[in-house]
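K.L.:
Sharing a structure here in structure tokens format.
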Amino acid sequence: MLMAQFSLCSEEFGPVFIQEPDDAIFSLDSDDKKVIMNCEARGNPVPTYSWLINGTIVDAEADFRYSLIDGNLIIHNASEAIDYGRYQCRAENSIGTVQSRDALLQFAYLGAFSGRARGAVSVREGQGVVLMCAPPPHSPEIIYSWVFNELPSFVAEDSRRFISQETGNLYISKVQPSDVGSYVCQVKNTVTNARVLSPPTPLTLKTDGVMGEYEPKIEAHFPQTVLAAKGITVRLECFALGNPVPTITWRKMSGNIPKKARLRKSQAVLEIPNIQLEDSGSYECKAENTRGGTAFRGHLQVYTLPQWISMINDTQLDSGEQLHWECRATGKPRPTYRWLRNGEPLNSQSRVEMVNGELIIHRLQQADSGMYQCIAENKYGAIYSSAELKILASAPVFSTNPIRLIATVGKDVSLECRPRASPKPRISWRKNDRRVQIMLLRNNTLRIINSSRSDEGSYVCRAENQFGSAELTTVLLVKEPMRVELSPIRVEVTVGESVVLSCKVTHDPSLDVSFLWLLNNQPLNTQQEGGHFEYIQTQSSTADLMIRSILLKHAGKYGCRAQTSADSVLAEAELLVRGPPGPPGVVIVEEITDTTATLSWSHGVDNHSPITTYNVQARSPVSLGWQTVKTDPEPVTGNMESAMAVELNPWVEYEFRVVATNGIGTGDPSTPSRAVRTKEAVPSVAPANVRGGNGRRHELVISWEPVSEEFQNGEGFGYIVAFRANGTRGWKEKMVTSADSTTYKYRDETFPPLTPFEVRVGVYNNKGDGPFSEVVTVFSAEGEPREPPSEVQAFAISSSEIKVMWKPPNPGPGRPQGYEVSSWKDMEQEEMGKKKRTMGNETTMLLTGLDGNTQYLISVKGFNSVGQGPASSPIKISTKKNAPSLPPGNLMWIQEGNNVSLSWDPVKARDNESEVIGYKVLLRQEGRGHSQVMRTPNSAVVLTLPEGGTYIIEVRAVSEGGEGAASAQVRVLTSSGKRSLCVFSDLKMCTFGGRLDGLISL
């Protein structure tokens, strides 16, 4: 066995690609300027590699920018100018050379827009306009969007506004006053996600009148010829300018638009996913309004890359024979073929013919050995099929010798003679040194018909050609046949029960017997069956199969195959399993109304127990999975194959399935029906939770919970908002056309805040008006505050703090929920200042972080959830001068027991600093955060320290502008009756009584 494995591993073969290079896009913004093109092949000997760029060999040794690791090509400091192109990998060993498919290397980048300012575009109201994007250089595709005035406000596309993903331009079919502003084109690279913005383009309105109505003009459309690869998604654009805003419609000139197609962006884009050859044809978009219409027509052409139908395979032939290879591929346009041998083009010559994918080489020679490749290609791509051709020349060799063969009496026996040799050898047979006169088949196999004991003996096959000869000896033994019995031969059980099948064999005692169990002619693997099967072999001639907790899938034909080295005999038994029914046949929707669906199906297998009932289930995009639906008749009995699902919701897309039940249980459901939509009907459900309030002054805000799609009952769904002031008779009704809307705002400056209104909200669709909700009372908005706070006052607390106080405005609608205080320096604009809001309805605020000796202007305004009210008139207030910048110096202290007398030099304020009005002495025990504070107008103080511990003392000057800088810290250790004197200016430590008693730390 080891020798055989070694022989297999050492057999030489040509290169075979494991990995070929793929198309790649490299980002020029990448920090790592390194591109890796992958290539790997197996072969014996191990292949070596080289690369082609645009058909030219890469010299990796001469150019430091290239390096090869295994078969991978690494490009350092990659640039588009040098490295863009098509790459191919070549793998080579002593057998031959193969060439990979080509891979396109592209580079992703996004340049910057020109910084030149863009001129304003001025149009009349009602006129159409096109704003040009003029994108910067880029690769590959980019995505366009437009910013209106400032980020993050983007232009929303609708029936009036459209952004072309082909040109990047913004199209406005009919300009309104709300469109006036600044427009910026944003482009995003699809690979790098980099974004850049164009200079703004102002859009203004002319003042010389309003544009009248005019017929549509198609400004954005798809090309007259669109080429698309099979399987991609195709987007056809069409948008028109016009007044009124045009409506876009689509049609296919021959046949119908594919059902899978979708209309996007208010029908300005026709999107066809997974494009196929049958989707080719002429498409037309039409733009219409009340003034007329216009159309554009173009042709969609689908192409396919070549795909293999048949490929070439490794082939071994004798020298002098003929090679005939054929490769075939499909594609549109139809592919052409060319051939490579060892990576070089193969040309027709006297012995070589190449016609339409066929290669014929006559009178093969040893030099014809090597690696061949068939290339099928059209203008959109190429595919490669590779194979190795070996030309053989060797003396006869047998892989094993001798062979022992055991047969049974009465059976035919075949003795094979298949040496490896090239060219084919001459074959002769003899038995016990005598020539054999028995049937010899065409493949040199010796056939013994109806064998008997007399046929036993040694048979010798001799093979010879011009290179030599070899012999193979086969020893034939003939034994009596064996018999196998399997019981029971037919058994019927119910799901969950168990059964034992017993297999007994009678055989020649000199031969060992083995057993193999089969289910439906396939070997039974007990390890993969979850413990349901167990082999039980009680003696050498008997084997049992235990089947526990039987499932439906265990039904079938069981076989027990007994095998010896001479014979193989199969005995079979049938196992029937009763269980829940199988799934019914596919459900077909035969008729659909607004609330019913007539369904039909076919019976599934009953698994040996009659079906009693069927359960009809449905699901929709708004349901929680599959739900049982009511049917007519109810129940649906097991002999029926149709029923009507009732009480469905109108204009809802449903799928239906059927589940069967018998006396044993409920089975698996059928395959779902195709999705169908019930017919439209007038809405029957009114909006819930109608309420209102808030909003700006003179607004009535009405809100409701939207009606789910399940209950909209048809297209054109919307809301009717009805309201009237309490005590009035006539209702005002407003149509809200969006099914997703939840709010309506009505503005009328004649009604005061908090006016009560009776409100109700109804529904409608294309079929008619539905019910209204119950009438509720909603109050008009209080609005934002209308008056500023009064009696605003400000007081300077220090050089950095100002306290502001005010009184709230008079009670009434528009009550503030808080206040905003603005502060700015006298020489600044108000916008440059700071704004600070209260946490609630407080009427005081401390402003901090201000500059000293500086005049500020301060105003106060109220705000609530709607907006801000007017600001109070600004008042002026100056902060105090800054606190003294010099710390107290020359600290001196005398300690007697726990009393410390502390003195220091007075602090002199500078001209721009507040005058000193006293001092603050801070005392804290070391290791604790809490400090004791003593204030004094003098430059001396007496402190009493508690016993035990070390204390830290520091002094600060105090002024109207706040506290000055702190002195150096003094550390004092409490003592008992000793007297010590320390002067900070010239001592680092103090001693008394012969020991260290106090420290002054710098």
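Ordered as shown in the structure tokens, chains take letters A, B, and onward, while each chain numbers its residues from 1 and ligands are numbered from 1 in the order shown.
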Which of stretch 181-278 of chain A counts as strand (DSSP E) under DSSP, as a PyMOL selection string please?

P.N.:
chain A and resi 181-189+195-197+201-210+214-221+225-229+234-243+247-252+262-264+269-272

K.L.:
Residues at most 12 Å from A:Ser178, counting only C-alpha atoms, excluding those fewer than 2 positions away in the same chain, as a list of chain:residue names?

P.N.:
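Close residues of A:Ser178: A:Glu125, A:Gly126, A:Phe148, A:Asn149, A:Val155, A:Ile172, A:Lys174, A:Val175, A:Gln176, A:Val180, A:Gly181, A:Ser182, A:Leu203, A:Thr204, A:Leu205.
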
K.L.:
So which one's closest to A:Asp158, A:Pro135, A:Gly716, A:Pro246, A:Gly231? Using only C-alpha atoms, please.

P.N.:
A:Pro246

K.L.:
As an NGL selection string, list the residues of stretch 517-681 of chain A assigned to helix (DSSP H, G or I) by DSSP on the backbone atoms of this structure.

P.N.:
:A and (526-528 or 552-554)

K.L.:
Using only C-alpha atoms, which residue out of A:Ser799, A:Ser27, A:Arg696, A:Tyr746 lies closest to A:Phe863?

P.N.:
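So, comparing all the options, the nearest one is A:Arg696.
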
K.L.:
Take atom CA of A:Arg435 and atom CA of A:Ser422 and report the distance between them in Å, one decimal.

P.N.:
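So the answer is 25.0 Å.
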
K.L.:
Given the choices A:Val352, A:Ile272, A:Val958, A:Met371, which gets closest to A:Ser914 if the distance is worked out from only C-alpha atoms?

P.N.:
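Nearest candidate to A:Ser914 out of A:Val352, A:Ile272, A:Val958, A:Met371: A:Val958.
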
K.L.:
Which neighbours of stretch 455-472 of chain A fall inside 9 Å, counting only C-alpha atoms, when residues of the same chain fewer than 3 positions from it are skipped, and could you give them as an MDAnalysis selection string?

P.N.:
chainID A and resid 393:398 400:403 415:419 421:433 436 448 451:452 475:478
